[in-house]
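Each remark here refers to the structure printed beneath this line.
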Amino acid sequence: MAQTVVERDRIGGNGGRARAARVGVVAGVLAMALVVYGTYGDSQAPDSQKSGMPFVLVMAALTTIVTFGVLAPRALRAVGAGTAGGRHWAVGLAAASVLGLAVFWSGLPLIVGGAAALVGRAGSESAQHSRAFSAARILGLFAAGASILVTVAGNLLH
């Protein structure tokens, strides 16, 4: 029981929010850099792509704020509480990150994949030990890496 309280305080309390904020800053900056590179790294990018970039950057910033300011802290609280909700959050974030590969250029898989990896890692470190957390971590990192790889390859091979 005492270990569960310690885990909840470490993962789901202010430590969880600070951890989510740190990961969120990194994921958001990487996602916005990916958007800029995806736009200006392509020498044959049409003007419409360049004129739409500010909108995509704002959407990436808002997605980062919502994901790491609201969703990830809630997920970390659920993991810290030791409920099945933690696994549900982890799997949901991982699924969203993989589905987000359809719009890889937006930075969405990088942002949501970072959150899935964060929650997956927190769950793996908790007393719950579930395959769902490992799967979420792997899928989140896969989606983030795949979005970077596809954007870079698309610009280099175009």
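Each chain in the structure tokens gets a letter, A, B, ..., in the order shown, and its residues are numbered from 1; ligands are numbered from 1 in order too.
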
With a distance cut-off of 9 Å and only C-alpha atoms, select the neighbouring residues of Gly24 (chain A), excluding the residue or stretch itself and same-chain residues fewer than 3 positions from it, and output the selection as a CSV table (one decimal) with N, CA and C atoms, in the first residue's frame.
```
chain,number,residue,atom,x,y,z
A,19,ARG,N,7.0,16.4,-15.4
A,19,ARG,CA,7.6,15.4,-16.4
A,19,ARG,C,6.9,15.6,-17.7
A,20,ALA,N,5.5,15.7,-17.7
A,20,ALA,CA,4.8,15.9,-18.9
A,20,ALA,C,5.2,17.2,-19.6
A,21,ALA,N,5.4,18.2,-18.8
A,21,ALA,CA,5.8,19.5,-19.4
A,21,ALA,C,7.1,19.4,-20.1
A,27,ALA,N,8.8,17.5,-27.4
A,27,ALA,CA,8.0,17.0,-28.5
A,27,ALA,C,7.4,18.2,-29.4
A,28,GLY,N,7.0,19.3,-28.7
A,28,GLY,CA,6.4,20.4,-29.4
A,28,GLY,C,7.5,21.1,-30.3
A,29,VAL,N,8.7,21.3,-29.8
A,29,VAL,CA,9.7,22.0,-30.5
A,29,VAL,C,10.1,21.1,-31.7
A,64,THR,N,0.1,20.4,-28.8
A,64,THR,CA,1.1,20.1,-27.8
A,64,THR,C,0.6,20.6,-26.4
A,65,ILE,N,0.0,21.8,-26.4
A,65,ILE,CA,-0.5,22.3,-25.1
A,65,ILE,C,-1.6,21.4,-24.6
A,67,THR,N,-2.3,18.2,-25.4
A,67,THR,CA,-1.8,16.8,-25.1
A,67,THR,C,-1.0,16.8,-23.8
A,68,PHE,N,-0.1,17.7,-23.6
A,68,PHE,CA,0.8,17.6,-22.5
A,68,PHE,C,0.3,18.5,-21.3
A,69,GLY,N,-0.6,19.3,-21.5
A,69,GLY,CA,-1.2,20.1,-20.4
A,69,GLY,C,-2.4,19.5,-19.8
A,111,ILE,N,4.0,14.4,-31.5
A,111,ILE,CA,3.4,15.0,-30.3
A,111,ILE,C,2.7,13.9,-29.5
A,114,GLY,N,4.9,11.0,-28.4
A,114,GLY,CA,5.7,11.4,-27.2
A,114,GLY,C,4.9,11.2,-25.9
A,115,ALA,N,3.6,11.5,-26.0
A,115,ALA,CA,2.8,11.3,-24.8
A,115,ALA,C,2.5,9.9,-24.5
```

Report task. Run DSSP on the backbone of this structure and report the residues of region 90-150 of chain A it assigns to alpha helix (DSSP H), as JSON, numbers by chain. Result -> {"A": [90, 91, 92, 93, 94, 95, 96, 97, 98, 99, 108, 109, 110, 111, 112, 113, 114, 115, 116, 117, 118, 119, 120, 121, 122, 123, 124, 125, 131, 132, 133, 134, 135, 136, 137, 138, 139, 140, 141, 142, 143, 144, 145, 146, 147, 148, 149, 150]}

Requested in this report: Please provide the set of residues having any atom within 9 Å of Ala144 (chain A), restricted to only C-alpha atoms, with same-chain residues fewer than 6 positions apart removed, written as a list in words.
Outcome: Ser97, Val98, Leu101, Phe104, Gly107, Leu108, Pro109, Leu110, Ile111, Val112, Gly113 and Gly114 of chain A

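Each of A:Ala84, A:Ala90, A:Ala96, A:Leu118 was compared to Val26 (chain A) using only C-alpha atoms, and A:Leu118 turns out to be the nearest.
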
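The two atoms in question, CA of Gly123 (chain A) and CA of Val103 (chain A), are spaced 27.6 Å apart.
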
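Taking only C-alpha atoms into account, Val56 (chain A) lies nearest to A:Ser106 out of the set A:Gly82, A:Ser134, A:Gly100, A:Ser106.
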
Query raised in the report: Hey, which of A:Leu139, A:Gly92, A:Thr151, A:His158 ends up closest to Ala45 (chain A)? Count only C-alpha atoms.
Result: A:His158

Report task. Figure out the distance between CA of Ile138 (chain A) and CA of Leu34 (chain A), please, to one decimal in Å. Result ->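 We find that CA of Leu34 (chain A) and CA of Ile138 (chain A) lie 20.7 Å from each other.
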
Query raised in the report: What does the distance between CA of Ala31 (chain A) and CA of Pro54 (chain A) come to in Å, to one decimal place?
Result: 13.1 Å
